[in-house]
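Reproduced below: final_28.txt, with compact mmCIF, C-alpha atoms.
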```txt
# COMPACT_ATOMS: atom_id res chain seq x y z
CA MET H 1 -7.75 32.51 -6.63
CA THR H 2 -7.10 33.96 -10.10
CA ALA H 3 -8.88 32.91 -13.27
CA ASN H 4 -5.89 30.81 -14.34
CA THR H 5 -5.50 29.01 -11.01
CA PRO H 6 -6.86 25.44 -11.13
CA PRO H 7 -9.39 24.59 -8.43
CA LEU H 8 -8.11 22.85 -5.30
CA ASN H 9 -8.77 19.15 -5.03
CA LEU H 10 -10.36 18.81 -1.59
CA LEU H 11 -9.14 15.22 -1.31
CA ALA H 12 -5.54 16.43 -1.67
CA LEU H 13 -5.80 18.45 1.56
CA ASN H 14 -5.15 16.90 4.95
CA ALA H 15 -7.28 17.89 7.93
CA ASN H 16 -5.05 20.81 8.95
CA GLU H 17 -4.77 22.10 5.39
CA LEU H 18 -8.52 21.92 4.94
CA SER H 19 -9.05 23.85 8.19
CA ALA H 20 -6.67 26.56 6.95
CA PHE H 21 -8.50 26.67 3.63
CA ILE H 22 -11.84 27.09 5.40
CA GLN H 23 -10.42 29.97 7.44
CA GLU H 24 -9.22 31.64 4.23
CA LEU H 25 -12.80 31.51 2.98
CA GLY H 26 -13.91 33.22 6.20
CA TRP H 27 -16.10 30.28 7.23
CA PRO H 28 -16.52 28.90 10.78
CA ARG H 29 -14.14 26.15 11.87
CA TYR H 30 -16.83 23.46 12.10
CA ARG H 31 -17.28 23.68 8.34
CA ALA H 32 -14.01 21.75 7.89
CA GLY H 33 -15.39 18.79 9.84
CA GLN H 34 -18.56 18.84 7.76
CA ILE H 35 -16.59 18.72 4.52
CA LEU H 36 -14.27 15.98 5.78
CA ARG H 37 -17.24 13.81 6.69
CA TRP H 38 -18.73 14.31 3.24
CA LEU H 39 -15.45 13.31 1.62
CA TYR H 40 -14.63 10.19 3.66
CA GLN H 41 -17.76 8.95 5.39
CA HIS H 42 -20.37 9.81 2.76
CA ARG H 43 -17.76 9.53 -0.02
CA VAL H 44 -19.40 12.14 -2.24
CA VAL H 45 -17.92 12.87 -5.65
CA ASP H 46 -19.28 16.39 -6.12
CA ILE H 47 -19.64 19.46 -3.94
CA GLU H 48 -23.32 19.88 -4.78
CA SER H 49 -24.05 16.74 -2.72
CA MET H 50 -22.86 18.45 0.50
CA THR H 51 -26.42 19.28 1.48
CA ASN H 52 -25.73 20.65 4.98
CA LEU H 53 -23.88 23.52 3.32
CA SER H 54 -26.12 26.31 2.08
CA LYS H 55 -26.63 26.67 -1.65
CA THR H 56 -24.61 29.89 -1.50
CA ASP H 57 -21.71 28.18 0.29
CA ARG H 58 -21.76 25.27 -2.14
CA GLY H 59 -21.60 27.71 -5.03
CA ARG H 60 -18.68 29.57 -3.45
CA LEU H 61 -16.84 26.29 -2.80
CA GLN H 62 -17.37 25.15 -6.39
CA GLU H 63 -15.70 28.33 -7.61
CA VAL H 64 -12.40 27.46 -5.89
CA ALA H 65 -12.41 23.71 -5.27
CA THR H 66 -13.36 20.35 -6.70
CA ILE H 67 -13.37 16.65 -5.78
CA HIS H 68 -11.11 14.68 -8.07
CA ARG H 69 -10.61 10.93 -7.80
CA MET H 70 -8.25 8.74 -9.77
CA GLU H 71 -9.66 7.04 -12.82
CA SER H 72 -9.18 3.35 -13.54
CA LEU H 73 -8.72 1.20 -16.58
CA PRO H 74 -11.31 -1.60 -16.72
CA PRO H 75 -10.50 -3.90 -13.75
CA THR H 76 -8.93 -7.27 -14.54
CA ILE H 77 -10.53 -10.23 -12.75
CA ALA H 78 -8.46 -13.37 -12.15
CA SER H 79 -9.86 -16.89 -12.26
CA ASP H 80 -9.94 -17.00 -8.43
CA GLY H 81 -11.93 -13.74 -8.19
CA THR H 82 -8.98 -11.48 -7.36
CA VAL H 83 -9.43 -8.06 -8.96
CA LYS H 84 -6.55 -5.93 -10.26
CA PHE H 85 -7.10 -2.18 -10.64
CA VAL H 86 -4.75 0.09 -12.58
CA TRP H 87 -5.22 3.74 -11.64
CA ASN H 88 -4.26 6.56 -13.98
CA LEU H 89 -2.54 9.38 -12.11
CA GLU H 90 -2.71 13.02 -13.17
CA ASP H 91 0.91 13.13 -14.34
CA GLY H 92 0.58 10.18 -16.76
CA LEU H 93 1.91 7.58 -14.33
CA ALA H 94 -0.12 4.61 -13.11
CA VAL H 95 -0.29 2.42 -10.03
CA GLU H 96 -1.92 -0.92 -9.20
CA THR H 97 -4.19 -2.08 -6.38
CA ILE H 98 -5.35 -5.63 -5.69
CA LEU H 99 -8.69 -6.67 -4.18
CA ILE H 100 -8.58 -10.17 -2.68
CA PRO H 101 -11.91 -11.83 -1.83
CA ASP H 102 -11.88 -14.73 0.63
CA GLY H 103 -15.33 -15.88 1.65
CA ARG H 104 -16.96 -12.85 3.23
CA ARG H 105 -13.61 -11.12 3.75
CA ARG H 106 -12.27 -8.48 1.37
CA THR H 107 -8.58 -7.58 1.67
CA LEU H 108 -7.22 -4.60 -0.25
CA CYS H 109 -3.53 -4.54 -1.15
CA LEU H 110 -2.44 -0.90 -1.40
CA SER H 111 0.47 0.69 -3.22
CA SER H 112 2.54 3.52 -1.75
CA GLN H 113 4.89 4.34 -4.66
CA VAL H 114 4.93 4.20 -8.45
CA GLY H 115 7.60 1.56 -8.84
CA CYS H 116 9.95 1.08 -5.91
CA THR H 117 13.10 2.64 -4.53
CA LEU H 118 14.47 -0.83 -3.64
CA ASP H 119 15.85 -3.52 -5.95
CA CYS H 120 14.64 -6.87 -4.63
CA GLY H 121 15.44 -9.41 -7.34
CA PHE H 122 12.26 -11.48 -6.95
CA CYS H 123 9.85 -8.53 -7.33
CA LEU H 124 8.47 -7.27 -10.64
CA THR H 125 7.81 -3.79 -9.21
CA ALA H 126 11.55 -3.35 -8.63
CA GLU H 127 12.17 -3.60 -12.38
CA MET H 128 10.36 -0.27 -12.82
CA GLY H 129 12.69 1.58 -10.51
CA LEU H 130 11.14 4.45 -8.58
CA LYS H 131 9.08 6.89 -10.65
CA ARG H 132 7.74 8.80 -7.64
CA SER H 133 6.08 8.32 -4.26
CA LEU H 134 2.33 8.52 -3.96
CA ARG H 135 0.65 11.35 -2.10
CA ALA H 136 -1.71 10.66 0.79
CA HIS H 137 -4.87 11.29 -1.23
CA GLU H 138 -3.65 8.92 -3.95
CA ILE H 139 -3.26 6.19 -1.33
CA VAL H 140 -6.66 6.84 0.26
CA GLY H 141 -8.14 7.20 -3.21
CA GLN H 142 -7.42 3.53 -3.85
CA VAL H 143 -9.64 2.66 -0.88
CA LEU H 144 -12.42 5.10 -1.79
CA ASN H 145 -12.57 3.89 -5.38
CA VAL H 146 -12.59 0.19 -4.52
CA GLN H 147 -15.31 0.73 -1.92
CA ALA H 148 -17.36 2.40 -4.65
CA TYR H 149 -16.69 -0.61 -6.92
CA LEU H 150 -18.00 -3.11 -4.37
CA PRO H 151 -21.73 -3.87 -4.02
CA GLU H 152 -23.43 -2.00 -1.17
CA ASP H 153 -23.57 -5.10 1.02
CA GLU H 154 -19.82 -5.79 0.72
CA HIS H 155 -17.17 -3.98 2.76
CA LEU H 156 -13.40 -4.03 2.96
CA SER H 157 -12.23 -6.18 5.86
CA SER H 158 -8.52 -5.30 5.99
CA LEU H 159 -5.95 -3.09 4.32
CA VAL H 160 -2.37 -4.18 3.63
CA PHE H 161 0.41 -1.91 2.36
CA MET H 162 1.97 -4.73 0.36
CA GLY H 163 1.54 -3.41 -3.16
CA MET H 164 3.95 -1.35 -5.24
CA GLY H 165 6.66 0.49 -3.32
CA GLU H 166 8.38 0.57 0.07
CA PRO H 167 5.90 2.27 2.44
CA LEU H 168 8.44 3.32 5.06
CA VAL H 169 10.52 5.26 2.53
CA ASN H 170 7.34 7.24 1.80
CA PHE H 171 6.34 7.39 5.44
CA GLU H 172 4.79 10.86 5.86
CA PRO H 173 2.16 10.43 3.10
CA VAL H 174 1.51 6.86 4.29
CA ALA H 175 0.99 8.10 7.87
CA ASP H 176 -1.29 10.89 6.62
CA ALA H 177 -3.29 8.32 4.64
CA ILE H 178 -3.57 6.05 7.69
CA GLN H 179 -4.90 8.96 9.75
CA ARG H 180 -7.65 9.52 7.18
CA LEU H 181 -8.38 5.80 7.05
CA THR H 182 -8.62 5.34 10.83
CA ASN H 183 -10.12 8.63 12.04
CA ILE H 184 -13.47 7.86 13.69
CA GLU H 185 -14.84 11.41 13.86
CA TRP H 186 -14.65 12.20 10.15
CA GLY H 187 -12.51 9.53 8.44
CA LEU H 188 -13.21 6.06 7.14
CA GLY H 189 -13.08 4.55 10.63
CA PHE H 190 -10.89 1.51 9.95
CA SER H 191 -9.47 -0.10 13.06
CA PRO H 192 -5.65 0.14 13.09
CA ARG H 193 -5.69 -3.59 13.88
CA ARG H 194 -7.09 -4.17 10.40
CA ILE H 195 -4.19 -2.35 8.72
CA THR H 196 -0.78 -3.90 8.04
CA VAL H 197 2.27 -2.04 6.76
CA SER H 198 4.91 -4.23 5.12
CA THR H 199 8.54 -3.20 4.84
CA ALA H 200 11.72 -4.67 3.43
CA GLY H 201 13.37 -3.55 6.67
CA TRP H 202 13.56 0.27 6.75
CA ILE H 203 14.57 0.36 10.42
CA PRO H 204 14.49 4.12 11.22
CA ARG H 205 10.72 4.22 10.75
CA PHE H 206 9.88 1.24 12.99
CA PRO H 207 9.09 3.43 16.04
CA ASP H 208 6.87 5.65 13.89
CA VAL H 209 4.87 2.64 12.69
CA ARG H 210 4.43 1.49 16.29
CA ARG H 211 2.98 4.89 17.21
CA LEU H 212 0.42 4.57 14.40
CA GLY H 213 -0.95 1.46 16.10
CA VAL H 214 -1.05 -0.63 12.93
CA ASN H 215 0.50 -4.04 12.30
CA LEU H 216 4.05 -4.34 10.97
CA ALA H 217 5.26 -7.05 8.59
CA ILE H 218 8.95 -7.57 7.76
CA SER H 219 10.03 -9.00 4.41
CA LEU H 220 12.91 -11.26 5.46
CA ASN H 221 13.53 -13.72 2.58
CA GLY H 222 17.05 -14.75 3.55
CA THR H 223 18.72 -16.45 6.50
CA THR H 224 22.27 -15.18 5.95
CA ASP H 225 23.61 -11.77 4.99
CA GLU H 226 25.17 -13.24 1.86
CA GLN H 227 21.83 -14.69 0.80
CA ARG H 228 19.77 -11.63 1.68
CA GLY H 229 22.37 -9.32 0.18
CA GLN H 230 21.99 -11.06 -3.18
CA LEU H 231 18.19 -11.03 -3.04
CA MET H 232 17.68 -7.58 -1.48
CA PRO H 233 20.95 -5.69 -1.99
CA ALA H 234 19.74 -2.11 -1.40
CA VAL H 235 18.09 -2.61 1.96
CA ASN H 236 20.43 -5.32 3.28
CA GLY H 237 23.43 -3.23 2.33
CA ARG H 238 22.10 -0.48 4.57
CA TYR H 239 20.63 -2.58 7.41
CA ASP H 240 22.04 -6.09 7.69
CA LEU H 241 20.31 -9.05 9.31
CA SER H 242 21.81 -8.42 12.74
CA GLU H 243 20.62 -4.79 12.79
CA LEU H 244 17.22 -5.76 11.43
CA LEU H 245 16.56 -8.48 13.98
CA ASP H 246 17.79 -6.30 16.87
CA ALA H 247 15.32 -3.63 15.74
CA CYS H 248 12.56 -6.25 15.58
CA ARG H 249 13.28 -7.42 19.13
CA GLN H 250 13.20 -3.84 20.36
CA TYR H 251 9.96 -3.22 18.47
CA THR H 252 8.13 -6.09 20.17
CA GLN H 253 9.33 -4.95 23.61
CA PHE H 254 7.25 -1.80 23.24
CA SER H 255 4.37 -3.12 21.13
CA GLU H 256 1.37 -5.17 22.18
CA ARG H 257 1.22 -6.83 18.78
CA PRO H 258 3.52 -9.48 17.37
CA LEU H 259 5.46 -8.94 14.17
CA THR H 260 4.87 -10.84 10.96
CA PHE H 261 7.89 -12.11 9.05
CA GLU H 262 7.31 -12.69 5.34
CA TYR H 263 9.54 -15.20 3.64
CA VAL H 264 9.44 -15.70 -0.12
CA LEU H 265 10.54 -19.26 -0.95
CA LEU H 266 12.77 -19.46 -4.03
CA ALA H 267 13.64 -22.87 -5.47
CA GLY H 268 17.23 -23.85 -4.73
CA VAL H 269 18.02 -20.45 -3.22
CA ASN H 270 16.53 -20.13 0.28
CA ASP H 271 14.24 -23.16 0.63
CA SER H 272 16.54 -25.82 2.12
CA PRO H 273 16.03 -27.57 5.47
CA GLU H 274 19.06 -25.69 6.78
CA ASP H 275 17.44 -22.41 5.74
CA ALA H 276 14.36 -23.41 7.71
CA ARG H 277 16.44 -24.17 10.80
CA ARG H 278 18.37 -20.90 10.45
CA LEU H 279 15.10 -19.01 10.12
CA VAL H 280 13.92 -20.46 13.42
CA ARG H 281 17.16 -19.42 15.13
CA LEU H 282 17.00 -15.90 13.67
CA VAL H 283 13.53 -15.08 14.99
CA GLN H 284 13.85 -16.95 18.28
CA GLY H 285 12.68 -14.82 21.19
CA ILE H 286 10.70 -12.42 18.98
CA ARG H 287 6.92 -12.46 19.33
CA CYS H 288 6.00 -13.19 15.77
CA LYS H 289 4.35 -15.32 13.15
CA VAL H 290 5.89 -16.37 9.84
CA ASN H 291 4.15 -16.20 6.47
CA LEU H 292 5.72 -18.42 3.81
CA ILE H 293 5.15 -17.21 0.25
CA PRO H 294 6.11 -19.64 -2.54
CA PHE H 295 7.56 -17.46 -5.28
CA ASN H 296 5.05 -16.18 -7.82
CA GLU H 297 6.82 -16.48 -11.16
CA PHE H 298 6.67 -13.83 -13.86
CA PRO H 299 8.16 -13.60 -17.36
CA GLY H 300 11.83 -12.71 -17.57
CA ASN H 301 12.70 -13.53 -13.96
CA PRO H 302 15.22 -16.34 -13.33
CA PHE H 303 13.82 -17.51 -9.97
CA ARG H 304 11.43 -20.45 -9.74
CA ARG H 305 8.74 -21.60 -7.36
CA PRO H 306 9.70 -24.56 -5.13
CA SER H 307 7.77 -27.81 -5.44
CA PRO H 308 4.87 -28.38 -3.00
CA GLY H 309 6.92 -31.07 -1.23
CA VAL H 310 9.80 -28.70 -0.57
CA VAL H 311 7.39 -26.02 0.69
CA ASP H 312 5.66 -28.48 3.03
CA ALA H 313 8.98 -29.76 4.39
CA PHE H 314 10.15 -26.19 5.08
CA GLN H 315 6.92 -25.35 6.87
CA ASP H 316 7.04 -28.54 8.95
CA ILE H 317 10.54 -27.76 10.23
CA VAL H 318 9.54 -24.25 11.30
CA ARG H 319 6.26 -25.41 12.85
CA ASN H 320 7.90 -28.26 14.75
CA LYS H 321 10.14 -25.71 16.45
CA GLY H 322 7.06 -24.10 17.96
CA LEU H 323 6.60 -21.07 15.66
CA ASP H 324 3.30 -19.97 14.18
CA VAL H 325 3.93 -20.46 10.47
CA PHE H 326 1.40 -20.07 7.69
CA LEU H 327 1.46 -20.73 3.96
CA ARG H 328 0.12 -17.82 1.97
CA LYS H 329 -1.86 -18.92 -1.06
CA SER H 330 -1.13 -17.30 -4.41
CA ARG H 331 -4.03 -15.13 -5.48
CA GLY H 332 -4.42 -13.46 -8.86
CA ASP H 333 -1.24 -14.87 -10.38
CA ASP H 334 -2.90 -15.45 -13.77
CA VAL H 335 -3.32 -11.65 -14.14
CA LEU H 336 0.03 -10.71 -12.54
CA GLY H 337 -1.78 -9.73 -9.38
CA ALA H 338 -0.06 -11.96 -6.83
CA CYS H 339 2.61 -10.96 -4.31
CA GLY H 340 5.70 -9.68 -6.15
CA GLN H 341 3.95 -9.47 -9.54
CA LEU H 342 2.72 -5.87 -9.56
CA GLY H 343 4.00 -3.26 -11.95
CA ARG H 344 3.83 -4.48 -15.52
CA SER H 345 0.38 -3.06 -16.26
CA ALA H 346 1.35 0.25 -14.63
CA ALA H 347 4.54 0.36 -16.71
CA GLU H 348 2.53 -0.24 -19.88
CA VAL H 349 0.33 2.75 -19.07
CA LEU H 350 3.44 4.89 -18.55
CA ASN H 351 4.98 3.71 -21.82
CA GLN H 352 1.74 4.41 -23.69
CA SER H 353 1.53 7.87 -22.15
CA THR H 354 5.15 8.61 -23.11
CA THR H 355 4.56 7.36 -26.66
CA ASN H 356 1.49 9.54 -27.07
CA LYS H 357 3.39 12.59 -25.84
CA LYS H 358 6.19 11.93 -28.33
CA ARG H 359 3.68 11.53 -31.16
CA SER H 360 1.93 14.78 -30.30
CA LEU H 361 5.12 16.81 -29.78
CA PRO H 362 5.40 18.17 -33.37
CA LEU H 363 1.91 19.68 -33.08
CA TYR H 364 3.14 21.90 -30.25
CA ALA H 365 6.68 22.38 -31.51
CA GLN H 366 5.73 24.26 -34.63
CA PRO H 367 6.19 28.03 -34.52
```
What would you get if you wrote out this structure as structure tokens?
Amino acid sequence: MTANTPPLNLLALNANELSAFIQELGWPRYRAGQILRWLYQHRVVDIESMTNLSKTDRGRLQEVATIHRMESLPPTIASDGTVKFVWNLEDGLAVETILIPDGRRRTLCLSSQVGCTLDCGFCLTAEMGLKRSLRAHEIVGQVLNVQAYLPEDEHLSSLVFMGMGEPLVNFEPVADAIQRLTNIEWGLGFSPRRITVSTAGWIPRFPDVRRLGVNLAISLNGTTDEQRGQLMPAVNGRYDLSELLDACRQYTQFSERPLTFEYVLLAGVNDSPEDARRLVRLVQGIRCKVNLIPFNEFPGNPFRRPSPGVVDAFQDIVRNKGLDVFLRKSRGDDVLGACGQLGRSAAEVLNQSTTNKKRSLPLYAQP
């Protein structure tokens, strides 16, 4: 490493990359496992805390490496206790994470992209477009930082990839992050059964998700191609309902776990009794449960949330046909932290960063 080379962020290296780095230093292989355990199980924030490394080795490591975690704006706490974090990334972008308390349970809603590559009309994140995909350490960093935020006697119960972005479009970093999250030997040790990956229907990656052993949730939201094509044009234009449901049936043939179908209810759009009956017919024969999500409104969006009576009637029709159907409560909607509401705070950080760069440009432009 030359004097002008920035130190390596140890968190940015996967297990294989860290092993290669350790070999470059001329250290024994077991040293990689020691460092990984310090990073993910002990969750240290500085190399000096790695006390089973000699003082000489710690000094050598500090010369070429560091431990850098994302920094957060002050968390925003909703009236129901939901916490929204906005993380500043090194390139001036920002991403949001939501912590949802429910009794003794703590669910963390993770983001996989800054913005989203898809264009679902009921989702605030889609309005950002895609700025870039997150790297594995930026995904795991959300978990590490929120664990540090929680009191010592509180622990995360489950992780859901339902935040900003389409996880299956950014699959390799997501899979790398899941390995770090689930590894028992040196990682965070989460059970794959406590992790859910949600997708708008990116079919080619379904088999890869199955091999990870985590849960898969499908964002359905329409009961005809015309309807779904209007609501989710990018993904439905590539994989229509017939293809999607065939892939779901094949998925459950080779998976022990049922699928979850997520269905956002939009007033006057997809919430009629006929929609409910079509939904039942669409998923018939697939081992699944259905989560109904009454639309979480946000400024500037034309869709509206159905009335409680309409929601109840829809749920009753689906339930009476023998399906497991659940109504997902809105959490954090007063701070734009509910399902479909993420992105505005992250966009504000980006806009502020861009503005500051423009203001400072003349200082560097002068000869």
Per residue of region 82-165 of chain H within 12 Å of region 217-239 of chain H, record the nearest atom pair and its distance in Å to one decimal, counting only C-alpha atoms, with rows in chain order and ascending residue number, as a tab-separated table.
```
residue	atom	partner	partner_atom	distance
H:Cys116	CA	H:Ala234	CA	11.2
H:Thr117	CA	H:Ala234	CA	8.7
H:Leu118	CA	H:Ala234	CA	5.9
H:Asp119	CA	H:Ala234	CA	6.2
H:Cys120	CA	H:Met232	CA	4.4
H:Gly121	CA	H:Leu231	CA	5.4
H:Phe122	CA	H:Leu231	CA	7.1
H:Cys123	CA	H:Leu231	CA	9.7
H:Ala126	CA	H:Met232	CA	10.3
H:Val160	CA	H:Ala217	CA	9.5
H:Phe161	CA	H:Ala217	CA	9.4
H:Met162	CA	H:Ala217	CA	9.2
```
**Item:** Between CA of Val169 (chain H) and CA of Leu292 (chain H) - distance in Å to one decimal
**Value:**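 Spanning CA of Leu292 (chain H) to CA of Val169 (chain H) is a straight-line distance of 24.2 Å.
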**Request:** Just give me the gap between CA of Phe326 (chain H) and CA of Asn291 (chain H) in Å, one decimal is fine.
**Result:**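 CA of Asn291 (chain H) lies 4.9 Å from CA of Phe326 (chain H).
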Show which residues sit within 7 Å of Ile286 (chain H), as a tab-separated table (two decimals) with C-alpha atoms, in the frame of the given file. Count only C-alpha atoms, and ignore same-chain residues fewer than 2 positions away.
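Wrote selection.tsv, looks like this:
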```tsv
chain	number	residue	atom	x	y	z
H	249	ARG	CA	13.28	-7.42	19.13
H	252	THR	CA	8.13	-6.09	20.17
H	283	VAL	CA	13.53	-15.08	14.99
H	284	GLN	CA	13.85	-16.95	18.28
H	288	CYS	CA	6.00	-13.19	15.77
```
**Request:** Fewer than 5 positions away in the same chain doesn't count, so skip those; otherwise give me all residues within 9 Å of Leu159 (chain H), counting only C-alpha atoms, as a VMD selection string.
**Result:** chain H and resid 106 to 110 143 190 194 to 197
Mind running region 53-140 of chain H against region 13-33 of chain H at 10 Å and telling me each contacting residue's nearest atom pair with the distance in Å (one decimal), counting all atoms listed in the file, chain and number ascending, as a Markdown table?
```
| residue | atom | partner | partner_atom | distance |
| --- | --- | --- | --- | --- |
| H:Leu53 | CA | H:Arg31 | CA | 8.3 |
| H:Asp57 | CA | H:Trp27 | CA | 9.2 |
| H:Arg60 | CA | H:Leu25 | CA | 8.9 |
| H:Leu61 | CA | H:Leu25 | CA | 8.8 |
| H:Val64 | CA | H:Leu25 | CA | 9.8 |
| H:Ala136 | CA | H:Asn14 | CA | 8.3 |
| H:His137 | CA | H:Leu13 | CA | 7.7 |
```
Restricted to C-alpha atoms, what would the selected residues look like written as a PDB file, in the coordinates of the input?
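Just written: again10.pdb:
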```pdb
ATOM      1  CA  LEU H  53     -23.880  23.520   3.320  1.00  0.00           C
ATOM      2  CA  ASP H  57     -21.710  28.180   0.290  1.00  0.00           C
ATOM      3  CA  ARG H  60     -18.680  29.570  -3.450  1.00  0.00           C
ATOM      4  CA  LEU H  61     -16.840  26.290  -2.800  1.00  0.00           C
ATOM      5  CA  VAL H  64     -12.400  27.460  -5.890  1.00  0.00           C
ATOM      6  CA  ALA H 136      -1.710  10.660   0.790  1.00  0.00           C
ATOM      7  CA  HIS H 137      -4.870  11.290  -1.230  1.00  0.00           C
TER       8      HIS H 137
END
```
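Interatomic distance, CA of Leu327 (chain H) to CA of Pro101 (chain H): 17.1 Å.
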**Item:** Exercise: Pro306 (chain H) partners within 7 Å, all atoms listed in the file, chain neighbours under 5 positions left out, as a list in words
**Value:**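 These residues fall inside the cut-off: Leu265, Leu266, Ala267, Pro294 and Val311 of chain H.
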**Item:** Residues within 10 Å of Asp275 (chain H), only C-alpha atoms, excluding chain neighbours under 4 positions, as a PyMOL selection string
**Value:** chain H and resi 222-224+269-271+279-281+314+317-318
**Message:** I'd like the contact shell of Pro74 (chain H) - 12 Å cut-off, all atoms listed in the file, skipping same-chain residues fewer than 2 positions apart - returned as a ChimeraX atom specification.
**Reply:** /H:71-72,76-77,83-88,149,345
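With all atoms listed in the file as the atoms that count, the minimum distance from Leu212 (chain H) to the choices H:Ser157, H:Leu181, H:Ala94, H:Leu241 is reached by H:Leu181.
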**Prompt:** Of the candidates H:Gln179, H:Asn215, H:Ser112, H:Thr199, which one gets nearest to Gly165 (chain H) if we count all atoms listed in the file?
**Reply:** H:Ser112
**Message:** Ranking H:Pro258, H:Gly163, H:Gly189, H:Pro7 by minimum distance to Leu216 (chain H) and counting only C-alpha atoms, which one comes first?
**Reply:**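 Smallest separation from Leu216 (chain H) among the options: H:Pro258.
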For region 149-155 of chain H, which lacks atoms in the input, supply all heavy atoms and format the output as a compact mmCIF listing (two decimals), in the frame of the given file.
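See result15.txt below for the written result:
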```txt
# COMPACT_ATOMS: atom_id res chain seq x y z
N TYR H 149 -16.58 0.51 -5.97
CA TYR H 149 -16.69 -0.61 -6.92
C TYR H 149 -17.48 -1.77 -6.33
O TYR H 149 -18.23 -2.45 -7.02
CB TYR H 149 -15.28 -1.07 -7.31
CG TYR H 149 -15.21 -2.38 -8.05
CD1 TYR H 149 -15.37 -2.44 -9.43
CD2 TYR H 149 -14.95 -3.57 -7.36
CE1 TYR H 149 -15.29 -3.64 -10.11
CE2 TYR H 149 -14.87 -4.78 -8.03
CZ TYR H 149 -15.05 -4.81 -9.41
OH TYR H 149 -14.97 -6.02 -10.07
N LEU H 150 -17.35 -1.98 -5.02
CA LEU H 150 -18.00 -3.11 -4.37
C LEU H 150 -19.52 -2.90 -4.27
O LEU H 150 -19.99 -1.77 -4.16
CB LEU H 150 -17.44 -3.29 -2.96
CG LEU H 150 -16.01 -3.82 -2.85
CD1 LEU H 150 -15.54 -3.74 -1.39
CD2 LEU H 150 -15.91 -5.25 -3.35
N PRO H 151 -20.29 -3.98 -4.30
CA PRO H 151 -21.73 -3.87 -4.02
C PRO H 151 -21.97 -3.28 -2.64
O PRO H 151 -21.11 -3.37 -1.76
CB PRO H 151 -22.22 -5.33 -4.10
CG PRO H 151 -21.19 -6.05 -4.91
CD PRO H 151 -19.88 -5.37 -4.62
N GLU H 152 -23.15 -2.69 -2.43
CA GLU H 152 -23.43 -2.00 -1.17
C GLU H 152 -23.33 -2.90 0.04
O GLU H 152 -23.02 -2.43 1.14
CB GLU H 152 -24.82 -1.36 -1.23
CG GLU H 152 -24.89 -0.15 -2.15
CD GLU H 152 -26.23 0.56 -2.06
OE1 GLU H 152 -27.03 0.19 -1.15
OE2 GLU H 152 -26.47 1.47 -2.85
N ASP H 153 -23.60 -4.20 -0.13
CA ASP H 153 -23.57 -5.10 1.02
C ASP H 153 -22.20 -5.72 1.27
O ASP H 153 -22.06 -6.59 2.13
CB ASP H 153 -24.61 -6.22 0.85
CG ASP H 153 -24.35 -7.07 -0.38
OD1 ASP H 153 -23.60 -6.62 -1.28
OD2 ASP H 153 -24.90 -8.18 -0.46
N GLU H 154 -21.18 -5.29 0.51
CA GLU H 154 -19.82 -5.79 0.72
C GLU H 154 -18.93 -4.66 1.22
O GLU H 154 -19.03 -3.52 0.75
CB GLU H 154 -19.25 -6.37 -0.58
CG GLU H 154 -19.97 -7.62 -1.08
CD GLU H 154 -19.30 -8.24 -2.29
OE1 GLU H 154 -18.13 -7.89 -2.56
OE2 GLU H 154 -19.94 -9.04 -2.98
N HIS H 155 -18.04 -4.99 2.16
CA HIS H 155 -17.17 -3.98 2.76
C HIS H 155 -15.75 -4.53 2.86
O HIS H 155 -15.54 -5.73 2.99
CB HIS H 155 -17.68 -3.59 4.15
CG HIS H 155 -19.10 -3.13 4.16
ND1 HIS H 155 -19.45 -1.86 3.78
CD2 HIS H 155 -20.25 -3.78 4.48
CE1 HIS H 155 -20.77 -1.73 3.88
NE2 HIS H 155 -21.28 -2.88 4.30
```
